[in-house]
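Okay, query-v9.tsv is below, TSV, C-alpha atoms and all ligand atoms:
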```
chain	number	residue	atom	x	y	z
P	1	MET	CA	73.00	14.43	168.97
P	2	LYS	CA	74.42	10.91	168.91
P	3	LYS	CA	73.90	8.94	172.09
P	4	THR	CA	75.30	5.85	173.79
P	5	ILE	CA	72.32	3.52	174.17
P	6	LEU	CA	72.36	0.26	176.13
P	7	ILE	CA	69.62	-2.26	175.32
P	8	THR	CA	68.83	-5.38	177.34
P	9	GLY	CA	67.40	-8.51	175.72
P	10	ALA	CA	68.68	-7.32	172.33
P	11	GLY	CA	69.19	-10.80	170.88
P	12	THR	CA	65.60	-11.13	169.67
P	13	GLY	CA	62.34	-9.37	168.89
P	14	ILE	CA	61.73	-5.72	169.74
P	15	GLY	CA	65.13	-5.27	171.43
P	16	LYS	CA	67.04	-6.55	168.41
P	17	ASP	CA	65.04	-4.47	165.93
P	18	ALA	CA	65.46	-1.37	168.12
P	19	ALA	CA	69.22	-2.00	168.30
P	20	PHE	CA	69.57	-2.06	164.50
P	21	ALA	CA	67.27	0.95	164.02
P	22	LEU	CA	69.15	3.07	166.58
P	23	ALA	CA	72.56	2.06	165.23
P	24	LEU	CA	71.46	2.96	161.69
P	25	ARG	CA	70.57	6.43	163.01
P	26	GLY	CA	74.20	6.85	164.09
P	27	HIS	CA	73.95	6.09	167.80
P	28	ARG	CA	76.51	3.98	169.66
P	29	VAL	CA	74.47	0.90	170.57
P	30	LEU	CA	75.47	-1.51	173.32
P	31	ALA	CA	73.31	-4.48	172.38
P	32	THR	CA	73.26	-6.94	175.26
P	33	THR	CA	71.88	-10.47	175.40
P	34	GLN	CA	70.99	-12.88	178.16
P	35	THR	CA	73.53	-15.51	177.00
P	36	GLU	CA	76.92	-15.66	175.25
P	37	ALA	CA	75.38	-17.87	172.57
P	38	GLN	CA	72.83	-15.15	171.71
P	39	SER	CA	75.68	-12.61	171.56
P	40	ASP	CA	77.52	-14.82	169.04
P	41	VAL	CA	74.44	-15.11	166.82
P	42	LEU	CA	73.77	-11.37	167.00
P	43	ARG	CA	77.41	-10.58	166.10
P	44	ILE	CA	77.07	-12.65	162.94
P	45	GLU	CA	73.84	-10.88	161.99
P	46	ALA	CA	75.36	-7.43	162.63
P	47	THR	CA	78.37	-8.31	160.47
P	48	ASN	CA	76.15	-9.65	157.68
P	49	ARG	CA	74.01	-6.50	157.77
P	50	ASN	CA	77.08	-4.28	157.99
P	51	VAL	CA	75.80	-2.54	161.11
P	52	VAL	CA	78.06	-1.62	164.04
P	53	LEU	CA	76.74	-2.93	167.35
P	54	GLU	CA	78.81	-3.46	170.50
P	55	ILE	CA	77.53	-6.77	171.73
P	56	PHE	CA	78.03	-8.46	175.07
P	57	LYS	CA	76.27	-10.76	177.50
P	58	LEU	CA	74.16	-9.13	180.22
P	59	ASP	CA	71.87	-11.39	182.22
P	60	ILE	CA	69.96	-8.76	184.17
P	61	THR	CA	69.36	-11.16	187.08
P	62	LEU	CA	73.13	-11.43	187.76
P	63	GLU	CA	74.64	-8.70	189.94
P	64	ALA	CA	78.12	-8.99	188.38
P	65	ASP	CA	76.65	-8.53	184.88
P	66	ARG	CA	74.64	-5.54	186.07
P	67	GLU	CA	77.63	-3.85	187.73
P	68	ALA	CA	79.70	-4.24	184.54
P	69	ILE	CA	77.59	-1.59	182.78
P	70	ALA	CA	78.97	1.09	185.14
P	71	ALA	CA	82.04	1.16	182.86
P	72	TYR	CA	80.02	2.74	180.01
P	73	PRO	CA	78.91	6.38	179.67
P	74	ILE	CA	75.26	5.44	179.04
P	75	ASP	CA	72.97	8.20	177.78
P	76	VAL	CA	69.94	5.94	177.30
P	77	LEU	CA	69.10	2.67	179.04
P	78	LEU	CA	66.42	0.69	177.21
P	79	ASN	CA	65.11	-1.86	179.70
P	80	ASN	CA	63.66	-4.26	177.14
P	81	ALA	CA	64.48	-7.70	178.60
P	82	GLY	CA	61.41	-9.46	179.89
P	83	MET	CA	59.72	-12.81	180.26
P	84	GLY	CA	56.13	-14.05	180.08
P	85	GLU	CA	54.20	-16.35	182.39
P	86	SER	CA	50.55	-17.35	182.28
P	87	GLY	CA	47.94	-19.34	184.21
P	88	SER	CA	45.18	-18.66	186.68
P	89	LEU	CA	46.07	-16.84	189.90
P	90	ALA	CA	43.88	-19.42	191.64
P	91	GLU	CA	46.48	-22.12	191.12
P	92	VAL	CA	49.75	-20.86	189.59
P	93	ASP	CA	52.82	-21.77	191.66
P	94	MET	CA	53.97	-18.64	193.53
P	95	GLN	CA	57.55	-19.48	192.60
P	96	ARG	CA	56.63	-18.75	188.97
P	97	VAL	CA	55.11	-15.44	190.00
P	98	ARG	CA	58.24	-14.58	192.03
P	99	GLN	CA	60.45	-15.48	189.07
P	100	ILE	CA	58.67	-13.18	186.64
P	101	PHE	CA	58.75	-10.32	189.14
P	102	GLU	CA	62.47	-11.04	189.60
P	103	VAL	CA	63.15	-10.49	185.89
P	104	ASN	CA	60.52	-7.94	184.82
P	105	LEU	CA	60.65	-5.76	187.95
P	106	PHE	CA	63.44	-6.35	190.50
P	107	ALA	CA	66.37	-7.06	188.14
P	108	THR	CA	65.19	-4.29	185.81
P	109	LEU	CA	65.15	-1.78	188.68
P	110	ALA	CA	68.51	-3.01	190.03
P	111	LEU	CA	70.08	-2.49	186.59
P	112	THR	CA	68.44	0.92	186.36
P	113	GLN	CA	70.02	1.92	189.68
P	114	VAL	CA	73.48	1.08	188.31
P	115	ALA	CA	72.85	3.16	185.17
P	116	LEU	CA	71.37	6.02	187.21
P	117	ARG	CA	74.56	6.34	189.30
P	118	GLY	CA	76.49	7.42	186.19
P	119	MET	CA	73.61	9.45	184.74
P	120	ILE	CA	73.04	11.42	187.94
P	121	ALA	CA	76.79	12.11	188.26
P	122	ARG	CA	76.92	13.34	184.62
P	123	GLU	CA	73.61	15.19	185.05
P	124	LYS	CA	71.99	13.68	181.95
P	125	GLY	CA	70.36	10.47	180.89
P	126	THR	CA	67.19	8.70	179.87
P	127	VAL	CA	65.77	5.44	181.17
P	128	LEU	CA	63.11	3.71	179.10
P	129	PHE	CA	61.09	0.83	180.55
P	130	VAL	CA	59.49	-1.54	178.06
P	131	SER	CA	56.26	-2.28	179.89
P	132	SER	CA	53.06	-3.36	178.12
P	133	ILE	CA	49.44	-2.46	177.62
P	134	ALA	CA	48.97	-5.53	179.83
P	135	GLY	CA	50.25	-3.18	182.55
P	136	ARG	CA	47.20	-0.93	182.08
P	137	VAL	CA	44.30	-3.42	182.29
P	138	PRO	CA	44.27	-6.85	183.99
P	139	MET	CA	44.58	-9.73	181.53
P	140	PRO	CA	42.89	-12.90	182.84
P	141	PHE	CA	45.13	-16.00	182.61
P	142	LEU	CA	48.11	-13.73	181.89
P	143	MET	CA	48.09	-12.18	185.36
P	144	PRO	CA	51.62	-13.13	186.48
P	145	TYR	CA	52.84	-11.14	183.46
P	146	SER	CA	50.16	-8.46	183.65
P	147	MET	CA	50.88	-7.81	187.37
P	148	SER	CA	54.63	-7.56	186.73
P	149	LYS	CA	54.01	-4.94	184.02
P	150	PHE	CA	51.50	-3.03	186.20
P	151	ALA	CA	54.26	-2.83	188.82
P	152	LEU	CA	56.86	-1.80	186.24
P	153	SER	CA	54.65	0.95	184.80
P	154	ALA	CA	53.94	2.26	188.29
P	155	ALA	CA	57.67	2.17	189.07
P	156	GLY	CA	58.49	4.10	185.91
P	157	ALA	CA	55.87	6.78	186.56
P	158	GLY	CA	56.97	7.17	190.18
P	159	LEU	CA	60.65	7.27	189.31
P	160	ARG	CA	59.93	9.93	186.70
P	161	ALA	CA	58.44	12.22	189.34
P	162	GLU	CA	61.37	11.54	191.69
P	163	MET	CA	63.93	12.34	189.00
P	164	ASP	CA	62.05	15.52	188.09
P	165	GLN	CA	62.34	16.59	191.71
P	166	LEU	CA	66.09	15.77	191.75
P	167	LYS	CA	66.64	18.22	188.85
P	168	LYS	CA	69.63	16.36	187.36
P	169	ASN	CA	68.18	16.18	183.85
P	170	ILE	CA	67.22	12.50	184.14
P	171	GLN	CA	64.32	11.50	181.90
P	172	ILE	CA	62.13	8.45	182.48
P	173	ALA	CA	59.54	7.06	180.05
P	174	LEU	CA	57.42	3.97	179.50
P	175	ILE	CA	57.28	2.08	176.22
P	176	GLU	CA	53.96	0.23	176.09
P	177	PRO	CA	53.70	-2.22	173.19
P	178	GLY	CA	50.40	-3.82	172.32
P	179	ALA	CA	50.42	-7.37	170.95
P	180	ILE	CA	53.21	-7.73	168.39
P	181	HIS	CA	54.23	-10.93	166.67
P	182	THR	CA	57.67	-11.84	168.01
P	183	GLY	CA	56.84	-15.29	169.41
P	184	PHE	CA	56.68	-13.81	172.92
P	185	ASN	CA	52.88	-14.13	173.30
P	186	GLN	CA	52.82	-17.71	172.05
P	187	ALA	CA	55.56	-18.75	174.50
P	188	MET	CA	53.75	-16.92	177.31
P	189	THR	CA	50.29	-18.40	176.70
P	190	ASN	CA	51.82	-21.87	176.30
P	191	SER	CA	53.80	-21.67	179.55
P	192	LYS	CA	50.79	-22.63	181.67
P	193	TYR	CA	50.26	-25.90	179.79
P	194	GLN	CA	53.63	-27.08	181.12
P	195	TRP	CA	52.08	-27.39	184.57
P	196	MET	CA	48.28	-27.40	184.15
P	197	ASN	CA	47.16	-31.00	184.52
P	198	ALA	CA	43.99	-32.99	185.16
P	199	SER	CA	43.62	-31.43	188.62
P	200	SER	CA	43.62	-27.87	187.29
P	201	TYR	CA	40.38	-25.94	187.86
P	202	PHE	CA	40.47	-25.21	184.14
P	203	ALA	CA	41.50	-28.65	182.82
P	204	HIS	CA	38.16	-29.20	181.09
P	205	GLN	CA	38.54	-25.85	179.30
P	206	ALA	CA	42.18	-26.22	178.28
P	207	GLU	CA	41.61	-27.23	174.65
P	208	ALA	CA	39.07	-24.44	174.08
P	209	MET	CA	41.43	-21.96	175.77
P	210	LYS	CA	44.32	-22.93	173.48
P	211	LYS	CA	42.14	-22.44	170.42
P	212	LYS	CA	40.87	-19.07	171.61
P	213	GLU	CA	44.38	-17.86	172.47
P	214	ARG	CA	45.72	-18.83	169.06
P	215	ALA	CA	42.84	-17.05	167.31
P	216	THR	CA	43.04	-13.97	169.54
P	217	PHE	CA	46.74	-13.35	168.99
P	218	LYS	CA	46.46	-14.14	165.29
P	219	PHE	CA	43.82	-11.41	165.05
P	220	LEU	CA	45.43	-8.89	167.43
P	221	GLU	CA	49.16	-9.08	166.82
P	222	ALA	CA	50.88	-6.48	164.69
P	223	ARG	CA	52.98	-8.39	162.16
P	224	SER	CA	55.99	-6.10	162.50
P	225	THR	CA	57.89	-4.38	165.30
P	226	GLN	CA	58.29	-1.23	163.18
P	227	GLY	CA	55.62	0.82	165.00
P	228	ILE	CA	56.99	0.23	168.48
P	229	VAL	CA	60.59	0.62	167.30
P	230	ASN	CA	59.64	4.06	165.90
P	231	GLN	CA	58.25	4.97	169.33
P	232	ILE	CA	61.44	3.76	171.03
P	233	VAL	CA	63.56	5.90	168.68
P	234	LYS	CA	61.37	8.94	169.45
P	235	ALA	CA	61.64	8.40	173.20
P	236	ALA	CA	65.39	7.73	173.09
P	237	GLU	CA	66.11	10.89	171.09
P	238	ALA	CA	63.70	13.26	172.90
P	239	SER	CA	65.15	15.84	175.27
P	240	ARG	CA	61.91	15.65	177.31
P	241	PRO	CA	60.16	12.35	176.50
P	242	LYS	CA	56.45	11.87	177.22
P	243	LEU	CA	55.54	9.48	180.03
P	244	ARG	CA	54.05	6.84	177.68
P	245	TYR	CA	54.78	5.65	174.14
P	246	VAL	CA	52.24	3.14	172.80
P	247	SER	CA	52.03	1.14	169.55
P	248	PRO	CA	49.94	-0.03	167.75
P	249	TRP	CA	47.87	3.08	168.57
P	250	ILE	CA	44.57	1.26	168.01
P	251	GLN	CA	45.39	-1.15	170.85
P	252	GLY	CA	46.35	1.79	173.06
P	253	PHE	CA	42.99	3.37	172.24
P	254	GLY	CA	41.21	0.11	173.12
P	255	ILE	CA	42.98	0.04	176.48
P	256	ARG	CA	41.92	3.64	177.22
P	257	LEU	CA	38.32	2.73	176.49
P	258	ALA	CA	38.58	-0.36	178.68
P	259	ARG	CA	39.83	1.79	181.56
P	260	ILE	CA	37.08	4.38	181.06
P	261	PHE	CA	34.49	1.59	181.22
P	262	GLY	CA	36.02	0.30	184.42
P	263	VAL	CA	37.77	-2.95	183.43
P	301	LIG	N1	55.61	-8.98	171.75
P	301	LIG	C1	54.60	-8.41	172.39
P	301	LIG	O1	53.41	-8.56	172.03
P	301	LIG	C2	54.86	-7.54	173.60
P	301	LIG	C3	53.80	-6.78	174.10
P	301	LIG	C4	54.01	-5.96	175.20
P	301	LIG	C5	55.25	-5.89	175.78
P	301	LIG	N2	56.28	-6.65	175.29
P	301	LIG	C6	57.58	-6.54	175.98
P	301	LIG	O2	58.59	-6.25	175.03
P	301	LIG	C7	59.83	-6.75	175.52
P	301	LIG	C8	60.49	-7.54	174.40
P	301	LIG	O3	59.65	-8.63	174.07
P	301	LIG	P1	59.64	-9.32	172.63
P	301	LIG	O4	58.26	-9.38	172.17
P	301	LIG	O5	60.67	-8.72	171.77
P	301	LIG	O6	60.01	-10.83	173.02
P	301	LIG	P2	61.42	-11.58	173.07
P	301	LIG	O7	61.96	-11.66	171.69
P	301	LIG	O8	61.21	-12.83	173.83
P	301	LIG	O9	62.34	-10.57	173.88
P	301	LIG	C9	62.61	-10.67	175.26
P	301	LIG	C10	64.11	-10.72	175.41
P	301	LIG	O10	64.45	-10.60	176.79
P	301	LIG	C11	65.45	-11.55	177.05
P	301	LIG	N3	65.58	-11.87	178.47
P	301	LIG	C12	64.75	-12.62	179.24
P	301	LIG	N4	65.27	-12.73	180.48
P	301	LIG	C13	66.44	-12.03	180.47
P	301	LIG	C14	67.45	-11.80	181.43
P	301	LIG	N5	67.38	-12.32	182.66
P	301	LIG	N6	68.52	-11.04	181.09
P	301	LIG	C15	68.62	-10.51	179.85
P	301	LIG	N7	67.72	-10.73	178.87
P	301	LIG	C16	66.64	-11.49	179.19
P	301	LIG	C17	65.02	-12.75	176.23
P	301	LIG	O11	66.07	-13.68	176.11
P	301	LIG	P3	65.68	-15.26	175.88
P	301	LIG	O12	65.28	-15.35	174.45
P	301	LIG	O13	66.95	-15.95	176.23
P	301	LIG	O14	64.59	-15.56	176.84
P	301	LIG	C18	64.67	-12.07	174.93
P	301	LIG	O15	65.81	-11.85	174.13
P	301	LIG	C19	59.52	-7.57	176.77
P	301	LIG	O16	59.79	-6.79	177.93
P	301	LIG	C20	58.02	-7.82	176.64
P	301	LIG	O17	57.41	-7.98	177.91
P	301	LIG	C21	56.12	-7.47	174.22
```
As structure tokens, please, write out the structure in this file.
Ligand SMILES: NC(=O)c1ccc[n+]([C@@H]2O[C@H](COP(=O)([O-])OP(=O)(O)OC[C@H]3O[C@@H](n4cnc5c(N)ncnc54)[C@H](OP(=O)(O)O)[C@@H]3O)[C@@H](O)[C@H]2O)c1
Amino acid sequence: MKKTILITGAGTGIGKDAAFALALRGHRVLATTQTEAQSDVLRIEATNRNVVLEIFKLDITLEADREAIAAYPIDVLLNNAGMGESGSLAEVDMQRVRQIFEVNLFATLALTQVALRGMIAREKGTVLFVSSIAGRVPMPFLMPYSMSKFALSAAGAGLRAEMDQLKKNIQIALIEPGAIHTGFNQAMTNSKYQWMNASSYFAHQAEAMKKKERATFKFLEARSTQGIVNQIVKAAEASRPKLRYVSPWIQGFGIRLARIFGV
């Protein structure tokens, strides 16, 4: 059955690749981007690839943008938009922590509430939250991000139980990517060097940290989004999605082991 699927943060990375994949499977895809400029670029790419996407600007932190989605009969909301932030919890500015929670958690939930109004009235719908395996085990020096994804995963699991109890055929699932090369991890790990200075507790380790981060992500990152996009397609099309969809599976397995051994 063809569905109307709204994707946030669809101008780049996983969101963009999911938008094309879902449209090629015949779904009506509302591919939204944080800025008008990103919408313009995406429109050109969709035209060049001969793929039909309905593209418009949706900054999830803006209430007016969020309310505008009430006009669409959304079957699936893919909450993909997200930001990264790194640095030690011992010294990171709390404003940065608040900002990442604003985007990754509060704005995402506020948008979900708008979509749920229509879904509950129509008695069908699926909400997918793109969380992270960083929401399963704490990631030192990525904790602003890791904490925001812990909160998002908890929110998704809790909302799933609530919607089950409501019995209005509303499905909730978590998409949990491992490290995938989209540029996101590099931007996130670098963010702390914008403010870490000579007075940082970790100033003397900064060069070694940068080297280790580069090597770690080079080793860990999947080179393509294909695996996680396949999981998104499965979750979006399922009549009863599982709670969690993880890719690459080997990273999901590593996270399970880490939890068993008490990380
Ligand atoms: N890549 C990974 O290894 C990985 C691993 C686990 C989870 N994830 C999650 O996967 C999702 C997609 O990440 P990605 O790797 O594809 O990176 P990405 O290309 O940076 O995608 C994130 C998208 O979200 C957009 N965005 C940020 N703030 C927004 C806002 N207020 N309103 C609307 N859109 C906003 C970004 O726009 P701008 O470009 O304008 O900032 C960007 O297009 C994120 O939720 C991320 O946390 C990624």
Two-atom distance - atom N5 of ligand LIG 301 (chain P), CA of Gln99 in chain P (Å):
10.0 Å
Could you pull out the residues sitting within 9 Å of ligand LIG 301 (chain P), using all atoms listed in the file, and write them as a ChimeraX atom specification?
/P:8-17,32-35,38,57-62,79-84,102-104,107-108,129-135,145,149,175-185,187,217,221-222,225
Residue contacts of range 165-170 of chain P (7 Å, only C-alpha atoms) excluding same-chain residues fewer than 5 positions away, as a list in words
Ile120, Glu123, Lys124, Gly125 and Thr126 of chain P
Rounded to one decimal, what separation in Å do you get between CA of Val114 in chain P and CA of Gly227 in chain P?
29.4 Å
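CA of Ser146 in chain P sits 11.2 Å away from CA of Met188 in chain P.
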Name the residues in contact with Ala23 in chain P at a cut-off of 7 Å, using all atoms listed in the file, excluding same-chain residues fewer than 6 positions from it; report them as a ChimeraX atom specification.
/P:29,51-53
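Among the candidate residues P:Met94, P:Ile5, P:Ile100, P:Ala68, the one lying nearest to Ile232 in chain P is P:Ile5, with distances computed using all atoms listed in the file.
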Determine, counting only C-alpha atoms, which protein, DNA and RNA residues have an atom within 8 Å of an atom of Val97 in chain P; residues of the same chain fewer than 4 positions away are not included. Present the result as a count of residues only.
5
Since the input has fewer atoms than a full residue there, write range 143-166 of chain P out with N, CA and C atoms, as a compact mmCIF listing (two decimals), in the frame of the given file.
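New file selection.txt:
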```
# COMPACT_ATOMS: atom_id res chain seq x y z
N MET P 143 47.89 -13.11 184.25
CA MET P 143 48.09 -12.18 185.36
C MET P 143 49.50 -12.16 185.95
N PRO P 144 50.24 -13.28 185.97
CA PRO P 144 51.62 -13.13 186.48
C PRO P 144 52.37 -12.07 185.67
N TYR P 145 52.20 -12.12 184.36
CA TYR P 145 52.84 -11.14 183.46
C TYR P 145 52.22 -9.76 183.63
N SER P 146 50.88 -9.72 183.57
CA SER P 146 50.16 -8.46 183.65
C SER P 146 50.52 -7.72 184.95
N MET P 147 50.54 -8.45 186.07
CA MET P 147 50.88 -7.81 187.37
C MET P 147 52.30 -7.26 187.34
N SER P 148 53.23 -8.02 186.74
CA SER P 148 54.63 -7.56 186.73
C SER P 148 54.75 -6.27 185.90
N LYS P 149 53.95 -6.15 184.84
CA LYS P 149 54.01 -4.94 184.02
C LYS P 149 53.23 -3.78 184.67
N PHE P 150 52.16 -4.08 185.40
CA PHE P 150 51.50 -3.03 186.20
C PHE P 150 52.53 -2.42 187.16
N ALA P 151 53.27 -3.31 187.83
CA ALA P 151 54.26 -2.83 188.82
C ALA P 151 55.36 -2.03 188.12
N LEU P 152 55.79 -2.49 186.96
CA LEU P 152 56.86 -1.80 186.24
C LEU P 152 56.40 -0.42 185.76
N SER P 153 55.17 -0.35 185.25
CA SER P 153 54.65 0.95 184.80
C SER P 153 54.52 1.91 185.97
N ALA P 154 54.06 1.40 187.10
CA ALA P 154 53.94 2.26 188.29
C ALA P 154 55.33 2.73 188.72
N ALA P 155 56.30 1.82 188.67
CA ALA P 155 57.67 2.17 189.07
C ALA P 155 58.21 3.26 188.16
N GLY P 156 57.98 3.11 186.86
CA GLY P 156 58.49 4.10 185.91
C GLY P 156 57.87 5.46 186.14
N ALA P 157 56.55 5.49 186.35
CA ALA P 157 55.87 6.78 186.56
C ALA P 157 56.34 7.44 187.87
N GLY P 158 56.51 6.63 188.90
CA GLY P 158 56.97 7.17 190.18
C GLY P 158 58.40 7.67 190.10
N LEU P 159 59.25 6.89 189.45
CA LEU P 159 60.65 7.27 189.31
C LEU P 159 60.78 8.56 188.50
N ARG P 160 59.91 8.70 187.52
CA ARG P 160 59.93 9.93 186.70
C ARG P 160 59.70 11.17 187.59
N ALA P 161 58.71 11.08 188.46
CA ALA P 161 58.44 12.22 189.34
C ALA P 161 59.61 12.47 190.29
N GLU P 162 60.22 11.38 190.79
CA GLU P 162 61.37 11.54 191.69
C GLU P 162 62.54 12.21 190.98
N MET P 163 62.80 11.76 189.75
CA MET P 163 63.93 12.34 189.00
C MET P 163 63.66 13.80 188.62
N ASP P 164 62.39 14.12 188.36
CA ASP P 164 62.05 15.52 188.09
C ASP P 164 62.39 16.37 189.31
N GLN P 165 62.08 15.84 190.48
CA GLN P 165 62.34 16.59 191.71
C GLN P 165 63.85 16.73 191.97
N LEU P 166 64.64 15.74 191.52
CA LEU P 166 66.09 15.77 191.75
C LEU P 166 66.76 16.85 190.89
```
